[in-house]
>>> print(open('my_file.txt').read())   # compact mmCIF, C-alpha atoms
# COMPACT_ATOMS: atom_id res chain seq x y z
CA MET A 37 -14.57 -24.00 38.51
CA ALA A 38 -15.84 -27.22 40.04
CA LYS A 39 -12.68 -28.93 38.88
CA THR A 40 -10.35 -26.50 40.67
CA MET A 41 -12.37 -26.71 43.83
CA ALA A 42 -12.30 -30.46 43.58
CA ALA A 43 -8.51 -30.31 43.26
CA GLY A 44 -8.38 -28.46 46.55
CA ARG A 45 -7.23 -25.07 45.13
CA ASP A 46 -8.69 -21.64 45.69
CA PRO A 47 -11.52 -20.89 43.32
CA ALA A 48 -10.79 -18.36 40.59
CA PRO A 49 -12.00 -14.82 41.34
CA PRO A 50 -15.45 -13.99 40.02
CA GLY A 51 -15.42 -13.20 36.31
CA THR A 52 -12.15 -15.03 35.66
CA ILE A 53 -11.16 -18.54 34.67
CA ALA A 54 -8.81 -20.64 36.72
CA PRO A 55 -5.34 -20.99 35.13
CA ASP A 56 -5.69 -24.74 34.76
CA ASP A 57 -9.21 -24.64 33.39
CA PRO A 58 -9.32 -26.35 29.95
CA ILE A 59 -11.29 -23.40 28.60
CA ALA A 60 -8.24 -21.21 29.12
CA ALA A 61 -6.02 -23.56 27.14
CA THR A 62 -8.63 -23.76 24.38
CA PHE A 63 -8.92 -19.97 24.30
CA SER A 64 -5.15 -19.51 24.14
CA ALA A 65 -4.82 -22.01 21.32
CA ALA A 66 -7.69 -20.36 19.46
CA MET A 67 -6.09 -16.91 19.87
CA ALA A 68 -2.82 -18.26 18.51
CA GLU A 69 -4.67 -19.65 15.49
CA TYR A 70 -6.55 -16.35 15.10
CA SER A 71 -3.25 -14.47 15.19
CA ARG A 72 -1.65 -16.70 12.55
CA VAL A 73 -4.59 -16.29 10.18
CA LEU A 74 -4.76 -12.53 10.77
CA CYS A 75 -1.02 -12.14 10.13
CA GLY A 76 -1.34 -14.21 6.97
CA GLN A 77 -4.19 -12.05 5.70
CA ILE A 78 -2.29 -8.85 6.47
CA ARG A 79 0.77 -10.11 4.57
CA ALA A 80 -1.43 -11.07 1.64
CA ALA A 81 -2.95 -7.57 1.67
CA SER A 82 0.57 -6.12 1.70
CA GLU A 83 1.51 -8.18 -1.36
CA VAL A 84 -1.63 -7.10 -3.21
CA SER A 85 -0.90 -3.47 -2.33
CA HIS A 86 2.66 -3.83 -3.57
CA GLU A 87 1.58 -5.40 -6.86
CA ALA A 88 -1.03 -2.69 -7.39
CA ALA A 89 1.51 0.06 -6.73
CA THR A 90 4.03 -1.50 -9.09
CA THR A 91 1.43 -1.83 -11.85
CA TRP A 92 0.35 1.74 -11.21
CA VAL A 93 3.84 3.23 -11.39
CA GLU A 94 4.97 1.15 -14.36
CA GLY A 95 1.72 1.82 -16.23
CA ALA A 96 2.01 5.55 -15.67
CA GLY A 97 5.65 5.37 -16.74
CA ALA A 98 4.65 3.70 -20.01
CA LEU A 99 2.07 6.45 -20.60
CA VAL A 100 4.73 9.09 -20.01
CA ALA A 101 6.86 7.47 -22.71
CA ALA A 102 3.86 7.28 -25.07
CA VAL A 103 2.95 10.93 -24.59
CA ASP A 104 6.57 11.89 -25.08
CA ALA A 105 6.68 9.92 -28.34
CA LEU A 106 3.46 11.56 -29.54
CA ARG A 107 4.87 15.02 -28.90
CA ASP A 108 8.19 14.18 -30.57
CA ARG A 109 6.38 12.77 -33.62
CA ALA A 110 4.15 15.82 -33.91
CA ARG A 111 7.15 18.12 -33.73
CA ALA A 112 8.99 16.10 -36.36
CA VAL A 113 6.00 16.20 -38.70
CA ALA A 114 5.54 19.93 -38.19
CA ALA A 115 9.26 20.55 -38.71
CA GLY A 116 9.17 18.47 -41.90
CA ALA A 117 6.21 20.40 -43.23
CA GLY A 118 7.97 23.64 -42.38
CA ALA A 119 11.08 22.55 -44.26
CA GLU A 120 9.01 21.63 -47.33
CA ASN A 121 7.35 25.01 -47.33
CA ALA A 122 10.48 26.96 -46.55
CA PRO A 123 11.69 27.45 -50.18
CA ASP A 124 8.44 29.24 -50.90
CA GLY A 125 8.93 31.38 -47.86
CA ALA A 126 5.64 30.16 -46.50
CA GLY A 127 7.01 28.48 -43.36
CA ALA A 128 5.11 25.71 -41.61
CA ASP A 129 1.53 25.00 -42.61
CA PRO A 130 -0.64 26.96 -40.16
CA ARG A 131 -2.78 23.84 -39.62
CA ASP A 132 0.32 21.82 -38.66
CA ALA A 133 1.48 24.59 -36.37
CA ALA A 134 -1.94 24.76 -34.72
CA LEU A 135 -2.05 21.00 -34.28
CA LEU A 136 1.43 21.02 -32.78
CA THR A 137 0.37 23.71 -30.32
CA VAL A 138 -2.61 21.59 -29.26
CA ILE A 139 -0.48 18.46 -28.93
CA ASP A 140 2.19 20.33 -26.96
CA ALA A 141 -0.38 21.70 -24.56
CA PHE A 142 -1.98 18.28 -24.15
CA ALA A 143 1.42 16.63 -23.60
CA GLU A 144 2.46 19.18 -21.01
CA GLN A 145 -0.73 18.73 -19.00
CA ALA A 146 -0.74 14.95 -19.36
CA LEU A 147 2.91 14.62 -18.34
CA ALA A 148 2.46 16.81 -15.28
CA ARG A 149 -0.55 14.77 -14.21
CA LEU A 150 1.15 11.44 -14.88
CA LEU A 151 4.23 12.45 -12.91
CA ALA A 152 2.00 13.43 -10.02
CA LEU A 153 0.33 10.01 -10.21
CA ILE A 154 3.71 8.30 -10.27
CA ALA A 155 4.76 10.22 -7.17
CA GLU A 156 1.60 9.03 -5.47
CA GLY A 157 3.05 5.54 -5.84
CA GLN A 158 5.30 6.49 -2.93
CA ARG A 159 2.27 6.20 -0.69
CA HIS A 160 2.61 2.46 -1.18
CA ASP A 161 5.67 2.58 1.03
CA LYS A 162 3.59 4.14 3.79
CA ALA A 163 0.81 1.56 3.45
CA SER A 164 3.38 -1.20 3.45
CA GLN A 165 4.97 0.01 6.68
CA MET A 166 1.56 0.42 8.30
CA LEU A 167 0.67 -3.15 7.35
CA ASP A 168 3.98 -4.31 8.83
CA ALA A 169 3.00 -2.64 12.11
CA LEU A 170 -0.42 -4.33 11.98
CA ASP A 171 1.30 -7.64 11.32
CA GLU A 172 3.44 -7.14 14.41
CA MET A 173 0.43 -6.24 16.55
CA ALA A 174 -1.55 -9.18 15.23
CA GLY A 175 1.39 -11.43 16.04
CA GLY A 176 1.20 -10.14 19.59
CA LEU A 177 -2.29 -11.60 19.92
CA ALA A 178 -0.65 -15.00 19.99
CA GLN A 179 0.86 -13.96 23.31
CA LEU A 180 -2.59 -13.55 24.87
CA ASP A 181 -2.17 -16.52 27.14
CA LEU A 182 -5.36 -16.73 29.16
CA PRO A 183 -3.83 -18.62 32.06
CA ALA A 184 -1.19 -15.89 32.35
CA ILE A 185 -3.79 -13.17 31.96
CA THR A 186 -5.93 -14.52 34.74
CA ALA A 187 -3.03 -15.36 36.98
CA SER A 188 -1.01 -12.17 37.03
CA GLN A 189 -1.01 -8.41 36.76
CA HIS A 190 1.61 -8.83 34.06
CA GLY A 191 -0.75 -10.89 31.96
CA ALA A 192 -3.69 -8.62 32.61
CA THR A 193 -1.88 -5.61 31.18
CA LEU A 194 -0.46 -7.47 28.19
CA PRO A 195 -2.80 -5.95 25.55
CA VAL A 196 -1.92 -2.43 26.64
CA ARG A 197 1.76 -3.28 26.62
CA LEU A 198 1.40 -4.68 23.10
CA ILE A 199 0.03 -1.31 22.04
CA GLU A 200 2.83 0.54 23.82
CA GLN A 201 5.35 -1.67 22.08
CA ALA A 202 3.75 -1.10 18.69
CA GLU A 203 3.55 2.65 19.37
CA GLN A 204 7.35 2.84 19.23
CA GLY A 205 7.04 1.96 15.56
CA PHE A 206 4.28 4.49 14.82
CA VAL A 207 6.63 6.91 13.10
CA MET A 208 4.20 8.36 10.58
CA ALA A 209 1.96 11.31 11.28
CA GLU A 210 -0.97 9.22 10.00
CA GLN A 211 -0.29 6.50 12.55
CA ARG A 212 0.04 8.90 15.46
CA ARG A 213 -3.17 10.65 14.40
CA ALA A 214 -5.03 7.32 14.27
CA LEU A 215 -3.71 6.34 17.70
CA ALA A 216 -4.67 9.66 19.23
CA THR A 217 -8.15 9.43 17.72
CA ALA A 218 -8.58 5.88 19.02
CA ARG A 219 -7.65 7.15 22.48
CA GLY A 220 -10.17 9.94 22.22
CA ASN A 221 -7.57 12.70 21.81
CA PRO A 222 -7.77 13.53 18.08
CA ALA A 223 -5.97 16.85 18.60
CA ASP A 224 -3.06 15.23 20.44
CA THR A 225 -0.93 14.19 17.47
CA GLY A 226 2.27 15.88 18.51
CA GLY A 227 2.04 18.25 15.58
CA ALA A 228 3.03 17.58 12.00
CA PRO A 229 6.47 18.93 11.11
CA ASP A 230 7.09 20.39 7.67
CA PRO A 231 7.24 17.59 5.05
CA VAL A 232 10.29 19.27 3.51
CA GLU A 233 13.13 20.54 5.66
CA LEU A 234 16.60 21.56 4.56
CA PHE A 235 19.19 21.60 7.33
CA MET B 111 26.69 18.25 -18.14
CA MET B 112 23.85 16.16 -16.73
CA LYS B 113 23.82 15.92 -12.94
CA ASN B 114 23.95 12.43 -11.42
CA ILE B 115 21.64 11.42 -8.63
CA LEU B 116 21.97 8.22 -6.59
CA LEU B 117 18.73 6.78 -5.19
CA VAL B 118 18.89 4.36 -2.26
CA ASP B 119 15.67 2.63 -1.24
CA ASP B 120 14.67 -0.96 -0.51
CA SER B 121 11.28 -0.46 -2.17
CA PRO B 122 11.38 -1.16 -5.93
CA THR B 123 8.13 0.78 -6.30
CA VAL B 124 9.64 3.89 -4.77
CA LEU B 125 12.79 3.51 -6.88
CA THR B 126 10.72 3.21 -10.06
CA SER B 127 8.54 6.14 -9.06
CA MET B 128 11.49 8.38 -8.18
CA ARG B 129 13.47 7.36 -11.25
CA GLN B 130 10.53 8.25 -13.50
CA THR B 131 10.16 11.62 -11.85
CA ILE B 132 13.82 12.60 -11.58
CA THR B 133 14.80 11.62 -15.12
CA ARG B 134 11.99 13.87 -16.38
CA GLY B 135 13.78 16.72 -14.67
CA GLY B 136 16.86 16.15 -16.81
CA TYR B 137 18.98 14.26 -14.29
CA ALA B 138 20.84 10.96 -14.69
CA VAL B 139 19.82 8.40 -12.08
CA GLU B 140 21.50 5.38 -10.53
CA ASP B 141 19.76 3.34 -7.86
CA CYS B 142 20.60 0.85 -5.13
CA ARG B 143 18.31 -1.41 -3.07
CA SER B 144 20.33 -1.12 0.16
CA GLY B 145 22.82 1.01 2.02
CA GLU B 146 25.40 -1.71 1.59
CA ASP B 147 24.98 -1.72 -2.20
CA ALA B 148 25.20 2.06 -2.26
CA MET B 149 28.45 1.97 -0.27
CA LYS B 150 29.85 -0.56 -2.75
CA LYS B 151 28.91 1.76 -5.58
CA LEU B 152 30.60 4.71 -3.90
CA GLY B 153 33.58 2.47 -3.11
CA SER B 154 33.92 1.67 -6.80
CA GLY B 155 34.52 5.33 -7.52
CA TYR B 156 31.02 6.45 -8.54
CA ARG B 157 30.52 10.03 -7.40
CA PRO B 158 26.96 11.33 -7.67
CA ASP B 159 26.17 15.02 -7.49
CA LEU B 160 23.41 14.26 -4.99
CA ILE B 161 22.14 11.28 -3.01
CA ILE B 162 18.55 10.57 -1.97
CA THR B 163 18.21 7.78 0.56
CA ASP B 164 15.44 6.04 2.44
CA LEU B 165 15.68 5.94 6.24
CA ASN B 166 14.35 2.51 7.21
CA MET B 167 16.09 -0.24 5.30
CA ASP B 168 17.09 -3.74 6.29
CA GLY B 169 20.74 -3.97 7.23
CA MET B 170 22.38 -0.58 6.94
CA ASP B 171 19.74 2.08 7.55
CA GLY B 172 19.75 5.58 6.08
CA ILE B 173 21.49 7.19 9.05
CA GLU B 174 24.29 4.63 9.03
CA PHE B 175 24.61 4.95 5.27
CA ILE B 176 25.02 8.72 5.54
CA THR B 177 27.58 8.31 8.30
CA GLN B 178 29.59 5.89 6.16
CA ALA B 179 29.18 7.92 2.99
CA ARG B 180 30.48 11.05 4.71
CA LYS B 181 33.69 9.16 5.45
CA THR B 182 34.12 8.31 1.77
CA GLY B 183 36.50 10.50 -0.15
CA GLY B 184 34.69 12.89 -2.46
CA CYS B 185 31.34 12.50 -0.68
CA ARG B 186 32.01 14.71 2.30
CA PHE B 187 30.12 17.64 0.85
CA THR B 188 27.75 15.80 -1.50
CA PRO B 189 24.16 16.82 -0.71
CA ILE B 190 22.29 13.88 0.85
CA LEU B 191 18.53 14.01 1.23
CA ILE B 192 16.50 11.56 3.27
CA LEU B 193 13.20 10.53 1.68
CA THR B 194 11.12 8.71 4.25
CA THR B 195 7.67 8.00 5.63
CA GLU B 196 8.81 9.21 9.04
CA SER B 197 7.96 12.69 10.17
CA GLY B 198 9.26 12.75 13.76
CA GLN B 199 11.57 15.56 14.83
CA ASP B 200 13.88 13.25 16.81
CA HIS B 201 14.71 11.25 13.70
CA ARG B 202 15.30 14.44 11.75
CA ASN B 203 17.75 15.57 14.41
CA ARG B 204 19.62 12.26 14.17
CA ALA B 205 19.76 12.58 10.38
CA LYS B 206 21.06 16.13 10.66
CA SER B 207 23.76 15.03 13.11
CA ALA B 208 24.80 12.24 10.75
CA GLY B 209 25.31 14.76 7.97
CA ALA B 210 22.05 14.78 6.03
CA THR B 211 21.35 17.87 3.96
CA GLY B 212 17.58 17.69 4.12
CA TRP B 213 14.49 15.68 4.96
CA LEU B 214 11.59 14.85 2.65
CA VAL B 215 8.45 13.04 3.77
CA LYS B 216 6.88 10.64 1.26
CA PRO B 217 5.08 11.22 -0.97
CA VAL B 218 6.94 14.19 -2.41
CA ALA B 219 5.32 15.90 -5.39
CA PRO B 220 7.46 16.28 -8.54
CA GLN B 221 7.61 20.08 -8.45
CA GLN B 222 8.35 20.05 -4.74
CA LEU B 223 11.20 17.64 -5.40
CA PHE B 224 12.63 19.70 -8.26
CA ASP B 225 12.49 22.84 -6.12
CA VAL B 226 14.57 21.07 -3.47
CA LEU B 227 17.02 19.67 -6.04
CA ASN B 228 17.54 23.12 -7.51
CA ARG B 229 18.26 24.51 -4.07
CA VAL B 230 20.76 21.89 -2.92
CA LEU B 231 22.54 20.88 -6.11
CA PRO B 232 25.72 22.83 -6.80
CA ALA B 233 25.43 24.98 -9.93
>>> encode(input="my_file.txt", output="structure tokens")
Amino acid sequence: MAKTMAAGRDPAPPGTIAPDDPIAATFSAAMAEYSRVLCGQIRAASEVSHEAATTWVEGAGALVAAVDALRDRARAVAAGAGAENAPDGAGADPRDAALLTVIDAFAEQALARLLALIAEGQRHDKASQMLDALDEMAGGLAQLDLPAITASQHGATLPVRLIEQAEQGFVMAEQRRALATARGNPADTGGAPDPVELF
Amino acid sequence: MMKNILLVDDSPTVLTSMRQTITRGGYAVEDCRSGEDAMKKLGSGYRPDLIITDLNMDGMDGIEFITQARKTGGCRFTPILILTTESGQDHRNRAKSAGATGWLVKPVAPQQLFDVLNRVLPA
């Protein structure tokens, strides 16, 4: 403040910092550094999320194959036992038949559950896109140029405009719900259309 | 005769997930990581019975892919479903105008998916 007055300029309004004050430059540089680190962390989180989802889906896929193999093996064994007993007219050993029934029931339930878990892997795509949006918003922090903020209406409204810009990319119901909640309008989500629609 | 389904998505996780699910339903699956690759595949003569495509992809997006695919001989009436994270009505309207058959929001449960496939796949 003293410096700007000494330079013969108007003093900055109360509560603000003059555009040429070194504090402003320091703050702007620090915000740019903050933004870079934040973006880097978000990208790292995205990579971890991706790796976890891949492991999840591939692991569940391997289990599906294993359960399938178990069921096939049980059926083959039961069929073999049945063939051995067939000349006597006895058919399959009741114990084999009972075991096959148990294994079939287990396999059916396990496969249904595993397929549901695999489908959940699609949520990764949502998380990934949300992290991309966060990355973009965090990158916008680097634009928080304190001299510009203190010197103009344009700069003063920059944070809100960053949100408005990011909002264009909030295409998921989850994102719109979070935005509405943050703005204090949790009911104002624009509705959630049917997740399945045939034209 | 096993029905062929073409998956188009830039996420390998989604492709793996969908492939696992769809093959369990008794369908043959081919996949592509971009709209451009999918167009090349269609250009080579591959004719799936149904296509499931993502919406947001680098390069050619899902809407553009559908527009191009509809101009490809033999794909004019092929059912094309969009599988996406997006749920907005305006995007659905654009997809419908481009020639999409339906819209699925991720994640789609296996039974839900099979119900849709049974409804849109020609007998």
>>> residues_around(input="my_file.txt", residues="B:Val215", least_positions_apart="6", cutoff="9 Å", atoms="only C-alpha atoms", output="PyMOL selection string")
(chain A and resi 230-232) or (chain B and resi 192-197)
>>> residues_around(input="my_file.txt", residues="stretch 66-68 of chain A", least_positions_apart="2", cutoff="10 Å", atoms="all atoms listed in the file", output="VMD selection string")
chain A and resid 60 to 64 70 to 74 174 to 182
>>> atom_distance(input="my_file.txt", atom1="atom CA of B:Trp213", atom2="atom CA of A:Pro229")
10.6 Å
>>> interface_residues(input="my_file.txt", of="chain B", to="chain A", cutoff="10 Å", atoms="all atoms listed in the file", output="tab-separated table (two decimals) with C-alpha atoms, in the coordinates of the input")
chain	number	residue	atom	x	y	z
B	120	ASP	CA	14.67	-0.96	-0.51
B	121	SER	CA	11.28	-0.46	-2.17
B	122	PRO	CA	11.38	-1.16	-5.93
B	123	THR	CA	8.13	0.78	-6.30
B	124	VAL	CA	9.64	3.89	-4.77
B	125	LEU	CA	12.79	3.51	-6.88
B	126	THR	CA	10.72	3.21	-10.06
B	127	SER	CA	8.54	6.14	-9.06
B	128	MET	CA	11.49	8.38	-8.18
B	129	ARG	CA	13.47	7.36	-11.25
B	130	GLN	CA	10.53	8.25	-13.50
B	131	THR	CA	10.16	11.62	-11.85
B	132	ILE	CA	13.82	12.60	-11.58
B	134	ARG	CA	11.99	13.87	-16.38
B	166	ASN	CA	14.35	2.51	7.21
B	191	LEU	CA	18.53	14.01	1.23
B	192	ILE	CA	16.50	11.56	3.27
B	193	LEU	CA	13.20	10.53	1.68
B	194	THR	CA	11.12	8.71	4.25
B	195	THR	CA	7.67	8.00	5.63
B	196	GLU	CA	8.81	9.21	9.04
B	197	SER	CA	7.96	12.69	10.17
B	198	GLY	CA	9.26	12.75	13.76
B	199	GLN	CA	11.57	15.56	14.83
B	201	HIS	CA	14.71	11.25	13.70
B	202	ARG	CA	15.30	14.44	11.75
B	203	ASN	CA	17.75	15.57	14.41
B	205	ALA	CA	19.76	12.58	10.38
B	206	LYS	CA	21.06	16.13	10.66
B	207	SER	CA	23.76	15.03	13.11
B	209	GLY	CA	25.31	14.76	7.97
B	210	ALA	CA	22.05	14.78	6.03
B	211	THR	CA	21.35	17.87	3.96
B	212	GLY	CA	17.58	17.69	4.12
B	213	TRP	CA	14.49	15.68	4.96
B	214	LEU	CA	11.59	14.85	2.65
B	215	VAL	CA	8.45	13.04	3.77
B	216	LYS	CA	6.88	10.64	1.26
B	217	PRO	CA	5.08	11.22	-0.97
B	218	VAL	CA	6.94	14.19	-2.41
B	219	ALA	CA	5.32	15.90	-5.39
B	220	PRO	CA	7.46	16.28	-8.54
B	221	GLN	CA	7.61	20.08	-8.45
B	222	GLN	CA	8.35	20.05	-4.74
B	223	LEU	CA	11.20	17.64	-5.40
B	226	VAL	CA	14.57	21.07	-3.47
B	229	ARG	CA	18.26	24.51	-4.07
B	230	VAL	CA	20.76	21.89	-2.92
>>> residues_around(input="my_file.txt", residues="B:Arg143", least_positions_apart="3", cutoff="10 Å", atoms="all atoms listed in the file", output="number ranges by chain")
B: 117-122, 125, 146-148, 163-164, 167-168
>>> write_last_selection(input="my_file.txt", atoms="C-alpha atoms", output="compact mmCIF listing (two decimals), in the coordinates of the input")
# COMPACT_ATOMS: atom_id res chain seq x y z
CA LEU B 117 18.73 6.78 -5.19
CA VAL B 118 18.89 4.36 -2.26
CA ASP B 119 15.67 2.63 -1.24
CA ASP B 120 14.67 -0.96 -0.51
CA SER B 121 11.28 -0.46 -2.17
CA PRO B 122 11.38 -1.16 -5.93
CA LEU B 125 12.79 3.51 -6.88
CA GLU B 146 25.40 -1.71 1.59
CA ASP B 147 24.98 -1.72 -2.20
CA ALA B 148 25.20 2.06 -2.26
CA THR B 163 18.21 7.78 0.56
CA ASP B 164 15.44 6.04 2.44
CA MET B 167 16.09 -0.24 5.30
CA ASP B 168 17.09 -3.74 6.29
>>> atom_distance(input="my_file.txt", atom1="atom CA of B:Leu116", atom2="atom CA of A:Ala169")
28.8 Å
>>> atom_distance(input="my_file.txt", atom1="atom CA of B:Ala179", atom2="atom CA of B:Asn228")
21.8 Å
>>> closest_residue(input="my_file.txt", among="B:Leu160, B:Ile115, B:Leu165, B:Ala208", to="B:Arg180", atoms="only C-alpha atoms")
B:Ala208
>>> residues_around(input="my_file.txt", residues="B:Cys185", least_positions_apart="3", cutoff="9 Å", atoms="only C-alpha atoms", output="MDAnalysis selection string")
chainID B and resid 152 157:159 179:182 188:189
>>> closest_residue(input="my_file.txt", among="B:Ala138, B:Leu231, B:Met111, B:Met149", to="B:Asp171", atoms="all atoms listed in the file")
B:Met149
>>> residues_around(input="my_file.txt", residues="A:Leu106", least_positions_apart="3", cutoff="12 Å", atoms="only C-alpha atoms", output="PDB file with C-alpha atoms, in the coordinates of the input")
ATOM      1  CA  LEU A  99       2.070   6.450 -20.600  1.00  0.00           C
ATOM      2  CA  VAL A 100       4.730   9.090 -20.010  1.00  0.00           C
ATOM      3  CA  ALA A 101       6.860   7.470 -22.710  1.00  0.00           C
ATOM      4  CA  ALA A 102       3.860   7.280 -25.070  1.00  0.00           C
ATOM      5  CA  VAL A 103       2.950  10.930 -24.590  1.00  0.00           C
ATOM      6  CA  ARG A 109       6.380  12.770 -33.620  1.00  0.00           C
ATOM      7  CA  ALA A 110       4.150  15.820 -33.910  1.00  0.00           C
ATOM      8  CA  ARG A 111       7.150  18.120 -33.730  1.00  0.00           C
ATOM      9  CA  ALA A 112       8.990  16.100 -36.360  1.00  0.00           C
ATOM     10  CA  VAL A 113       6.000  16.200 -38.700  1.00  0.00           C
ATOM     11  CA  LEU A 135      -2.050  21.000 -34.280  1.00  0.00           C
ATOM     12  CA  LEU A 136       1.430  21.020 -32.780  1.00  0.00           C
ATOM     13  CA  VAL A 138      -2.610  21.590 -29.260  1.00  0.00           C
ATOM     14  CA  ILE A 139      -0.480  18.460 -28.930  1.00  0.00           C
ATOM     15  CA  ASP A 140       2.190  20.330 -26.960  1.00  0.00           C
ATOM     16  CA  ALA A 141      -0.380  21.700 -24.560  1.00  0.00           C
ATOM     17  CA  PHE A 142      -1.980  18.280 -24.150  1.00  0.00           C
ATOM     18  CA  ALA A 143       1.420  16.630 -23.600  1.00  0.00           C
ATOM     19  CA  GLU A 144       2.460  19.180 -21.010  1.00  0.00           C
ATOM     20  CA  ALA A 146      -0.740  14.950 -19.360  1.00  0.00           C
ATOM     21  CA  LEU A 147       2.910  14.620 -18.340  1.00  0.00           C
TER      22      LEU A 147
END
>>> axis_aligned_box(input="my_file.txt", around="stretch 117-134 of chain B", padding_each_side="6 Å", output="JSON")
{"center_x": 13.5, "center_y": 6.4, "center_z": -8.4, "size_x": 22.8, "size_y": 27.0, "size_z": 27.9}
>>> closest_residue(input="my_file.txt", among="B:Arg204, B:Gln178, B:Met170, B:Ile190", to="B:Ser144", atoms="only C-alpha atoms")
B:Met170
